[in-house]
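As provided, start-v3.txt (compact mmCIF, N, CA and C atoms) reads as follows.
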# COMPACT_ATOMS: atom_id res chain seq x y z
N GLY Y 1 -0.54 2.81 -5.53
CA GLY Y 1 0.62 3.64 -5.72
C GLY Y 1 1.87 2.92 -5.23
N CYS Y 2 2.54 2.20 -6.12
CA CYS Y 2 3.71 1.42 -5.72
C CYS Y 2 4.96 2.26 -5.53
N GLY Y 3 4.92 3.52 -5.96
CA GLY Y 3 6.10 4.35 -5.83
C GLY Y 3 7.28 3.76 -6.57
N ALA Y 4 8.43 3.80 -5.96
CA ALA Y 4 9.66 3.32 -6.61
C ALA Y 4 9.82 1.81 -6.54
N GLY Y 5 8.82 1.10 -6.03
CA GLY Y 5 8.79 -0.35 -6.13
C GLY Y 5 9.53 -1.15 -5.08
N ARG Y 6 9.92 -0.53 -3.97
CA ARG Y 6 10.69 -1.29 -2.96
C ARG Y 6 9.92 -2.50 -2.44
N GLU Y 7 8.65 -2.30 -2.09
CA GLU Y 7 7.86 -3.42 -1.57
C GLU Y 7 7.63 -4.47 -2.65
N ALA Y 8 7.40 -4.04 -3.89
CA ALA Y 8 7.20 -4.98 -5.00
C ALA Y 8 8.44 -5.86 -5.18
N VAL Y 9 9.61 -5.25 -5.13
CA VAL Y 9 10.86 -6.01 -5.28
C VAL Y 9 11.05 -6.95 -4.10
N TRP Y 10 10.77 -6.49 -2.90
CA TRP Y 10 10.90 -7.34 -1.72
C TRP Y 10 10.01 -8.57 -1.85
N LEU Y 11 8.76 -8.36 -2.23
CA LEU Y 11 7.84 -9.49 -2.39
C LEU Y 11 8.33 -10.45 -3.47
N ALA Y 12 8.82 -9.91 -4.58
CA ALA Y 12 9.33 -10.75 -5.67
C ALA Y 12 10.54 -11.56 -5.22
N LEU Y 13 11.38 -10.96 -4.40
CA LEU Y 13 12.55 -11.69 -3.88
C LEU Y 13 12.13 -12.90 -3.05
N TYR Y 14 10.95 -12.84 -2.45
CA TYR Y 14 10.45 -13.94 -1.64
C TYR Y 14 9.48 -14.84 -2.41
N GLY Y 15 9.49 -14.74 -3.73
CA GLY Y 15 8.76 -15.68 -4.56
C GLY Y 15 7.39 -15.25 -5.05
N TRP Y 16 6.91 -14.09 -4.63
CA TRP Y 16 5.60 -13.62 -5.09
C TRP Y 16 5.69 -13.13 -6.53
N ARG Y 17 4.61 -13.30 -7.28
CA ARG Y 17 4.43 -12.62 -8.56
C ARG Y 17 3.66 -11.36 -8.21
N VAL Y 18 4.09 -10.21 -8.72
CA VAL Y 18 3.59 -8.93 -8.25
C VAL Y 18 3.08 -8.10 -9.43
N LEU Y 19 1.98 -7.38 -9.20
CA LEU Y 19 1.52 -6.34 -10.11
C LEU Y 19 1.68 -5.03 -9.36
N ALA Y 20 2.52 -4.15 -9.87
CA ALA Y 20 2.81 -2.86 -9.22
C ALA Y 20 2.20 -1.75 -10.08
N ILE Y 21 1.38 -0.90 -9.46
CA ILE Y 21 0.67 0.15 -10.19
C ILE Y 21 0.97 1.50 -9.55
N ASP Y 22 1.26 2.49 -10.39
CA ASP Y 22 1.42 3.86 -9.92
C ASP Y 22 1.01 4.79 -11.05
N ARG Y 23 0.51 5.96 -10.70
CA ARG Y 23 0.09 6.91 -11.74
C ARG Y 23 1.25 7.70 -12.31
N LEU Y 24 2.43 7.59 -11.69
CA LEU Y 24 3.59 8.37 -12.13
C LEU Y 24 4.54 7.50 -12.95
N PRO Y 25 4.72 7.81 -14.23
CA PRO Y 25 5.63 7.02 -15.07
C PRO Y 25 7.06 6.96 -14.54
N ASP Y 26 7.55 8.05 -13.92
CA ASP Y 26 8.92 8.03 -13.41
C ASP Y 26 9.06 7.08 -12.22
N ALA Y 27 8.00 6.93 -11.42
CA ALA Y 27 8.04 5.97 -10.31
C ALA Y 27 8.12 4.55 -10.87
N ILE Y 28 7.35 4.26 -11.90
CA ILE Y 28 7.39 2.94 -12.53
C ILE Y 28 8.77 2.67 -13.12
N ALA Y 29 9.36 3.66 -13.74
CA ALA Y 29 10.70 3.50 -14.32
C ALA Y 29 11.73 3.19 -13.23
N ARG Y 30 11.64 3.88 -12.09
CA ARG Y 30 12.56 3.60 -10.97
C ARG Y 30 12.34 2.19 -10.44
N GLY Y 31 11.08 1.78 -10.34
CA GLY Y 31 10.78 0.44 -9.86
C GLY Y 31 11.32 -0.63 -10.79
N ARG Y 32 11.13 -0.44 -12.09
CA ARG Y 32 11.67 -1.40 -13.06
C ARG Y 32 13.18 -1.53 -12.93
N SER Y 33 13.84 -0.39 -12.80
CA SER Y 33 15.29 -0.39 -12.66
C SER Y 33 15.73 -1.13 -11.40
N LEU Y 34 15.05 -0.88 -10.30
CA LEU Y 34 15.37 -1.57 -9.04
C LEU Y 34 15.16 -3.07 -9.19
N ALA Y 35 14.06 -3.46 -9.81
CA ALA Y 35 13.77 -4.89 -9.99
C ALA Y 35 14.84 -5.57 -10.85
N GLU Y 36 15.30 -4.88 -11.88
CA GLU Y 36 16.35 -5.45 -12.73
C GLU Y 36 17.65 -5.61 -11.94
N ARG Y 37 17.99 -4.61 -11.13
CA ARG Y 37 19.21 -4.70 -10.32
C ARG Y 37 19.17 -5.89 -9.37
N TRP Y 38 18.00 -6.22 -8.85
CA TRP Y 38 17.86 -7.33 -7.92
C TRP Y 38 17.54 -8.65 -8.62
N GLY Y 39 17.42 -8.62 -9.93
CA GLY Y 39 17.20 -9.85 -10.69
C GLY Y 39 15.80 -10.43 -10.61
N VAL Y 40 14.80 -9.58 -10.34
CA VAL Y 40 13.43 -10.06 -10.23
C VAL Y 40 12.49 -9.38 -11.22
N GLY Y 41 13.06 -8.79 -12.25
CA GLY Y 41 12.25 -8.06 -13.22
C GLY Y 41 11.19 -8.91 -13.89
N ASP Y 42 11.44 -10.20 -14.01
CA ASP Y 42 10.48 -11.10 -14.66
C ASP Y 42 9.33 -11.49 -13.73
N ARG Y 43 9.40 -11.15 -12.46
CA ARG Y 43 8.35 -11.51 -11.49
C ARG Y 43 7.39 -10.36 -11.21
N ILE Y 44 7.66 -9.19 -11.81
CA ILE Y 44 6.84 -8.01 -11.50
C ILE Y 44 6.28 -7.43 -12.79
N GLY Y 45 4.97 -7.23 -12.81
CA GLY Y 45 4.32 -6.50 -13.89
C GLY Y 45 4.15 -5.06 -13.46
N TRP Y 46 4.51 -4.13 -14.31
CA TRP Y 46 4.44 -2.71 -13.97
C TRP Y 46 3.35 -2.05 -14.80
N ARG Y 47 2.51 -1.24 -14.16
CA ARG Y 47 1.43 -0.57 -14.88
C ARG Y 47 1.35 0.90 -14.44
N VAL Y 48 1.35 1.79 -15.43
CA VAL Y 48 1.11 3.21 -15.16
C VAL Y 48 -0.40 3.42 -15.23
N GLY Y 49 -0.97 3.96 -14.17
CA GLY Y 49 -2.40 4.23 -14.18
C GLY Y 49 -2.95 4.44 -12.79
N GLU Y 50 -4.23 4.67 -12.74
CA GLU Y 50 -4.94 4.85 -11.48
C GLU Y 50 -5.49 3.51 -11.02
N VAL Y 51 -5.63 3.36 -9.73
CA VAL Y 51 -6.26 2.18 -9.17
C VAL Y 51 -7.67 2.60 -8.78
N ASP Y 52 -8.65 2.17 -9.58
CA ASP Y 52 -10.02 2.63 -9.34
C ASP Y 52 -10.97 1.49 -8.98
N GLY Y 53 -10.40 0.33 -8.69
CA GLY Y 53 -11.21 -0.80 -8.29
C GLY Y 53 -10.30 -1.92 -7.83
N PRO Y 54 -10.87 -2.94 -7.19
CA PRO Y 54 -10.05 -4.06 -6.74
C PRO Y 54 -9.34 -4.75 -7.90
N VAL Y 55 -8.12 -5.16 -7.66
CA VAL Y 55 -7.33 -5.91 -8.64
C VAL Y 55 -7.30 -7.36 -8.15
N PRO Y 56 -7.72 -8.33 -8.99
CA PRO Y 56 -7.69 -9.72 -8.53
C PRO Y 56 -6.28 -10.12 -8.08
N ALA Y 57 -6.18 -10.60 -6.84
CA ALA Y 57 -4.87 -10.95 -6.30
C ALA Y 57 -5.05 -11.87 -5.09
N ASP Y 58 -4.00 -12.62 -4.77
CA ASP Y 58 -3.99 -13.42 -3.56
C ASP Y 58 -3.77 -12.56 -2.33
N LEU Y 59 -3.04 -11.47 -2.51
CA LEU Y 59 -2.72 -10.54 -1.44
C LEU Y 59 -2.70 -9.14 -2.00
N THR Y 60 -3.40 -8.22 -1.34
CA THR Y 60 -3.38 -6.81 -1.74
C THR Y 60 -2.72 -6.01 -0.64
N LEU Y 61 -1.74 -5.18 -1.01
CA LEU Y 61 -1.06 -4.29 -0.07
C LEU Y 61 -1.38 -2.86 -0.44
N MET Y 62 -1.61 -2.02 0.57
CA MET Y 62 -1.88 -0.61 0.32
C MET Y 62 -1.24 0.19 1.46
N PHE Y 63 -0.18 0.93 1.16
CA PHE Y 63 0.53 1.68 2.19
C PHE Y 63 0.59 3.16 1.84
N ARG Y 64 0.19 3.98 2.78
CA ARG Y 64 0.23 5.44 2.65
C ARG Y 64 -0.54 5.93 1.44
N PHE Y 65 -1.34 5.08 0.88
CA PHE Y 65 -2.13 5.40 -0.31
C PHE Y 65 -3.51 4.86 -0.02
N PHE Y 66 -4.46 5.73 0.22
CA PHE Y 66 -5.80 5.29 0.60
C PHE Y 66 -6.72 5.39 -0.60
N ALA Y 67 -7.10 4.25 -1.13
CA ALA Y 67 -8.02 4.18 -2.27
C ALA Y 67 -9.12 3.19 -1.90
N PRO Y 68 -10.17 3.67 -1.24
CA PRO Y 68 -11.20 2.76 -0.75
C PRO Y 68 -11.81 1.87 -1.84
N ALA Y 69 -11.97 2.40 -3.04
CA ALA Y 69 -12.57 1.62 -4.13
C ALA Y 69 -11.70 0.43 -4.52
N ALA Y 70 -10.41 0.48 -4.21
CA ALA Y 70 -9.49 -0.58 -4.60
C ALA Y 70 -9.34 -1.67 -3.54
N ILE Y 71 -9.97 -1.49 -2.38
CA ILE Y 71 -9.88 -2.49 -1.32
C ILE Y 71 -10.78 -3.66 -1.70
N PRO Y 72 -10.22 -4.85 -1.79
CA PRO Y 72 -11.03 -6.00 -2.18
C PRO Y 72 -12.05 -6.36 -1.10
N ALA Y 73 -13.20 -6.90 -1.53
CA ALA Y 73 -14.24 -7.29 -0.60
C ALA Y 73 -13.84 -8.53 0.20
N ALA Y 74 -12.95 -9.34 -0.34
CA ALA Y 74 -12.52 -10.57 0.33
C ALA Y 74 -11.05 -10.81 -0.01
N GLY Y 75 -10.45 -11.76 0.69
CA GLY Y 75 -9.06 -12.11 0.43
C GLY Y 75 -8.12 -11.41 1.38
N ALA Y 76 -6.85 -11.79 1.30
CA ALA Y 76 -5.84 -11.24 2.18
C ALA Y 76 -5.56 -9.78 1.83
N PHE Y 77 -5.51 -8.95 2.85
CA PHE Y 77 -5.30 -7.51 2.66
C PHE Y 77 -4.46 -6.98 3.80
N LEU Y 78 -3.49 -6.14 3.47
CA LEU Y 78 -2.66 -5.49 4.47
C LEU Y 78 -2.51 -4.03 4.08
N GLY Y 79 -2.84 -3.13 4.99
CA GLY Y 79 -2.76 -1.71 4.67
C GLY Y 79 -2.35 -0.87 5.86
N GLU Y 80 -1.75 0.26 5.56
CA GLU Y 80 -1.44 1.26 6.58
C GLU Y 80 -1.66 2.62 5.94
N PHE Y 81 -2.50 3.43 6.59
CA PHE Y 81 -2.89 4.72 6.03
C PHE Y 81 -2.63 5.83 7.04
N PHE Y 82 -2.39 7.05 6.53
CA PHE Y 82 -2.41 8.20 7.42
C PHE Y 82 -3.82 8.27 7.99
N SER Y 83 -3.94 8.52 9.27
CA SER Y 83 -5.25 8.53 9.91
C SER Y 83 -5.88 9.92 9.90
N ASP Y 84 -7.16 9.95 10.24
CA ASP Y 84 -7.86 11.22 10.36
C ASP Y 84 -7.23 12.08 11.47
N ARG Y 85 -6.68 11.44 12.49
CA ARG Y 85 -5.99 12.19 13.56
C ARG Y 85 -4.72 12.85 13.02
N HIS Y 86 -4.01 12.15 12.14
CA HIS Y 86 -2.82 12.74 11.52
C HIS Y 86 -3.22 13.99 10.71
N ARG Y 87 -4.29 13.86 9.94
CA ARG Y 87 -4.76 14.99 9.13
C ARG Y 87 -5.15 16.17 10.03
N ALA Y 88 -5.82 15.89 11.16
CA ALA Y 88 -6.25 16.96 12.06
C ALA Y 88 -5.05 17.72 12.63
N ILE Y 89 -3.96 17.02 12.88
CA ILE Y 89 -2.77 17.65 13.47
C ILE Y 89 -1.91 18.33 12.41
N HIS Y 90 -1.69 17.64 11.28
CA HIS Y 90 -0.73 18.10 10.28
C HIS Y 90 -1.36 18.75 9.05
N GLY Y 91 -2.68 18.64 8.91
CA GLY Y 91 -3.35 19.27 7.78
C GLY Y 91 -3.26 18.50 6.47
N LYS Y 92 -2.70 17.33 6.50
CA LYS Y 92 -2.60 16.51 5.30
C LYS Y 92 -2.48 15.06 5.71
N PRO Y 93 -2.74 14.14 4.84
CA PRO Y 93 -3.20 14.28 3.46
C PRO Y 93 -4.68 14.68 3.41
N THR Y 94 -5.15 14.97 2.23
CA THR Y 94 -6.53 15.41 2.06
C THR Y 94 -7.51 14.34 2.48
N VAL Y 95 -7.22 13.10 2.13
CA VAL Y 95 -8.10 11.98 2.48
C VAL Y 95 -7.37 11.07 3.46
N ALA Y 96 -7.94 10.94 4.64
CA ALA Y 96 -7.33 10.09 5.68
C ALA Y 96 -8.46 9.50 6.51
N PRO Y 97 -8.54 8.16 6.59
CA PRO Y 97 -9.67 7.53 7.27
C PRO Y 97 -9.50 7.41 8.77
N SER Y 98 -10.62 7.22 9.43
CA SER Y 98 -10.59 6.86 10.85
C SER Y 98 -10.52 5.34 10.95
N ALA Y 99 -10.19 4.85 12.12
CA ALA Y 99 -10.15 3.40 12.34
C ALA Y 99 -11.53 2.79 12.10
N ASP Y 100 -12.59 3.49 12.49
CA ASP Y 100 -13.95 2.98 12.28
C ASP Y 100 -14.27 2.86 10.80
N GLU Y 101 -13.85 3.83 10.00
CA GLU Y 101 -14.09 3.75 8.55
C GLU Y 101 -13.37 2.57 7.93
N VAL Y 102 -12.14 2.34 8.36
CA VAL Y 102 -11.36 1.21 7.83
C VAL Y 102 -12.01 -0.10 8.22
N ALA Y 103 -12.52 -0.20 9.45
CA ALA Y 103 -13.18 -1.43 9.90
C ALA Y 103 -14.38 -1.76 9.02
N VAL Y 104 -15.12 -0.75 8.59
CA VAL Y 104 -16.27 -0.97 7.72
C VAL Y 104 -15.82 -1.40 6.33
N LEU Y 105 -14.74 -0.79 5.83
CA LEU Y 105 -14.23 -1.08 4.48
C LEU Y 105 -13.57 -2.45 4.37
N VAL Y 106 -13.06 -2.96 5.49
CA VAL Y 106 -12.33 -4.23 5.48
C VAL Y 106 -13.00 -5.19 6.47
N PRO Y 107 -14.16 -5.75 6.08
CA PRO Y 107 -14.85 -6.67 6.98
C PRO Y 107 -13.96 -7.84 7.36
N GLY Y 108 -13.96 -8.18 8.63
CA GLY Y 108 -13.14 -9.28 9.11
C GLY Y 108 -11.69 -8.91 9.35
N GLY Y 109 -11.37 -7.63 9.16
CA GLY Y 109 -9.99 -7.18 9.36
C GLY Y 109 -9.70 -6.83 10.80
N VAL Y 110 -8.44 -6.93 11.16
CA VAL Y 110 -7.96 -6.49 12.48
C VAL Y 110 -7.43 -5.08 12.28
N VAL Y 111 -8.07 -4.11 12.93
CA VAL Y 111 -7.75 -2.70 12.73
C VAL Y 111 -7.13 -2.14 14.01
N GLU Y 112 -6.05 -1.37 13.85
CA GLU Y 112 -5.43 -0.72 15.01
C GLU Y 112 -4.90 0.65 14.60
N GLU Y 113 -4.94 1.55 15.55
CA GLU Y 113 -4.35 2.87 15.34
C GLU Y 113 -2.97 2.86 15.95
N GLY Y 114 -2.08 3.65 15.37
CA GLY Y 114 -0.73 3.69 15.90
C GLY Y 114 -0.05 5.01 15.59
N GLU Y 115 1.13 5.15 16.16
CA GLU Y 115 1.95 6.33 15.88
C GLU Y 115 3.34 5.85 15.54
N ARG Y 116 3.86 6.34 14.43
CA ARG Y 116 5.20 6.00 14.00
C ARG Y 116 6.13 7.14 14.35
N GLU Y 117 7.41 6.89 14.18
CA GLU Y 117 8.43 7.91 14.44
C GLU Y 117 8.11 9.18 13.67
N GLY Y 118 8.32 10.31 14.29
CA GLY Y 118 8.07 11.59 13.63
C GLY Y 118 6.63 12.07 13.76
N GLY Y 119 5.86 11.44 14.64
CA GLY Y 119 4.48 11.89 14.85
C GLY Y 119 3.51 11.49 13.75
N ILE Y 120 3.86 10.50 12.97
CA ILE Y 120 2.97 10.04 11.91
C ILE Y 120 1.93 9.12 12.54
N ARG Y 121 0.68 9.53 12.46
CA ARG Y 121 -0.41 8.73 13.02
C ARG Y 121 -1.05 7.91 11.91
N THR Y 122 -1.24 6.63 12.19
CA THR Y 122 -1.71 5.73 11.14
C THR Y 122 -2.88 4.86 11.62
N VAL Y 123 -3.56 4.32 10.65
CA VAL Y 123 -4.52 3.24 10.87
C VAL Y 123 -3.97 2.06 10.09
N ARG Y 124 -3.84 0.92 10.78
CA ARG Y 124 -3.32 -0.30 10.14
C ARG Y 124 -4.43 -1.33 10.13
N VAL Y 125 -4.42 -2.15 9.07
CA VAL Y 125 -5.43 -3.21 8.97
C VAL Y 125 -4.81 -4.45 8.36
N ARG Y 126 -5.24 -5.60 8.87
CA ARG Y 126 -4.79 -6.89 8.34
C ARG Y 126 -6.01 -7.81 8.27
N ARG Y 127 -6.18 -8.40 7.12
CA ARG Y 127 -7.22 -9.42 6.98
C ARG Y 127 -6.57 -10.62 6.31
N ASP Y 128 -6.64 -11.75 6.98
CA ASP Y 128 -6.09 -12.98 6.41
C ASP Y 128 -7.06 -13.50 5.36
N GLY Y 129 -6.51 -14.09 4.31
CA GLY Y 129 -7.33 -14.60 3.21
C GLY Y 129 -7.86 -15.90 3.55
Structure re-expressed in C-alpha cells:
Amino acid sequence: GCGAGREAVWLALYGWRVLAIDRLPDAIARGRSLAERWGVGDRIGWRVGEVDGPVPADLTLMFRFFAPAAIPAAGAFLGEFFSDRHRAIHGKPTVAPSADEVAVLVPGGVVEEGEREGGIRTVRVRRDG
C-alpha cells in the first residue's frame, strides 16, 4: 500500500527504481502526480492492485500496511507495523502483529517495539540483504 507515493518519490529522488502498489486508484493517481512534480515519474512504476505475495526487489518496504504473504523470504526488508499492543489499546487495526510474530516472518531481521508520537505503538524490523 504505497498510498500517495511519498516514500516512492523519495526513493526515486535518491536513484532507486521503484514499483509502487496500492489497491486504491486515487492513491496511485496522487502518487503519479507527485512523482511528475518532482521529475521522477520515469523512475516509478505504478500498479493498482493487491499485494498477495513477494515482489522481486532489491529492497522491500512495508509501512503501516501488514501483509505477511508479501514479506520476502530473503533480501533487504524494512517495515514498521501497528503492533498487537496498539490494537489492544486502540481497537485497530484489525490485523496487527506482535514482535515475536514479525521475528518469525523475517528471519535474520532485527526486530524492535516502539512508541511514536500520539501513542502509536509499532513493531519495526530491518533485515539487510
* What's the 7 Å shell around Y:Arg43, counting all atoms listed in the file, without same-chain residues fewer than 6 positions away, as a PyMOL selection string? -> chain Y and resi 12+16-19
* Once DSSP has gone over the backbone, tell me which residues of stretch 23-89 of chain Y are in strand (DSSP E or B), as a list in words. =>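 Output for stretch 23-89 of chain Y, strand (DSSP E or B) only: Ile44, Gly45, Trp46, Arg47, Val48, Leu59, Thr60, Leu61, Met62, Phe63, Ala76, Phe77, Leu78, Gly79, Glu80, Phe81 and Phe82 of chain Y.
Summary of the local environment: counting only N, CA and C atoms, residues at most 8 Å from stretch 121-127 of chain Y, other than itself and those fewer than 6 positions away along its chain, are Ala74, Gly75, Ala76, Phe77, Leu78, Gly79, Glu80, Phe81, Phe82, Ser83, Asp84, Arg85, His86, Arg87, Pro97, Ser98, Ala99, Val102, Ala103, Val106, Pro107, Gly108, Gly109, Val110, Val111, Glu112, Glu113, Gly114 and Glu115 of chain Y.
With only C-alpha atoms as the basis for measurement, Y:Ala73 is the residue among Y:Leu11, Y:Ile21, Y:Ala73, Y:Ala4 that approaches Y:Leu105 most closely.
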Where is the centre and how long are the edges: axis-aligned box on stretch 31-48 of chain Y, 4 Å on each side, Å to one decimal, as lines of an AutoDock Vina configuration file:
center_x = 9.4
center_y = -4.0
center_z = -11.7
size_x = 27.6
size_y = 22.9
size_z = 15.5
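Pairwise distance (atom C of Y:Tyr14, atom N of Y:Ala27) equals 23.6 Å.
Between atom C of Y:Ala20 and atom C of Y:Trp46 lies a distance of 4.9 Å.
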* Just the residues within 10 Å of Y:Gly3, please, counting only C-alpha atoms, with nothing from its chain fewer than 3 positions along; format it as a VMD selection string. => chain Y and resid 6 to 8 20 to 31 65
* May I ask which of the residues Y:Gly118, Y:Phe63, Y:Arg37, Y:Gly1 is the closest one to Y:His90, counting only C-alpha atoms? =>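 Closest residue, counting only C-alpha atoms: Y:Gly118.
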* To do: Find the residue from Y:Gly15, Y:Glu117, Y:Gly5, Y:Ala70 that sits nearest to Y:Arg32; use all atoms listed in the file when measuring.
  => Y:Gly5
* helix (DSSP H, G or I) residues, from DSSP on the backbone, in chain Y, as an NGL selection string -> :Y and (6-13 or 25-37 or 41-43 or 68-70 or 84-90 or 99-105)
* State, in Å with one decimal place, the distance from atom C of Y:Gly129 to atom N of Y:Gly53. =>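 Computed distance, atom C of Y:Gly129 to atom N of Y:Gly53, equals 20.5 Å.
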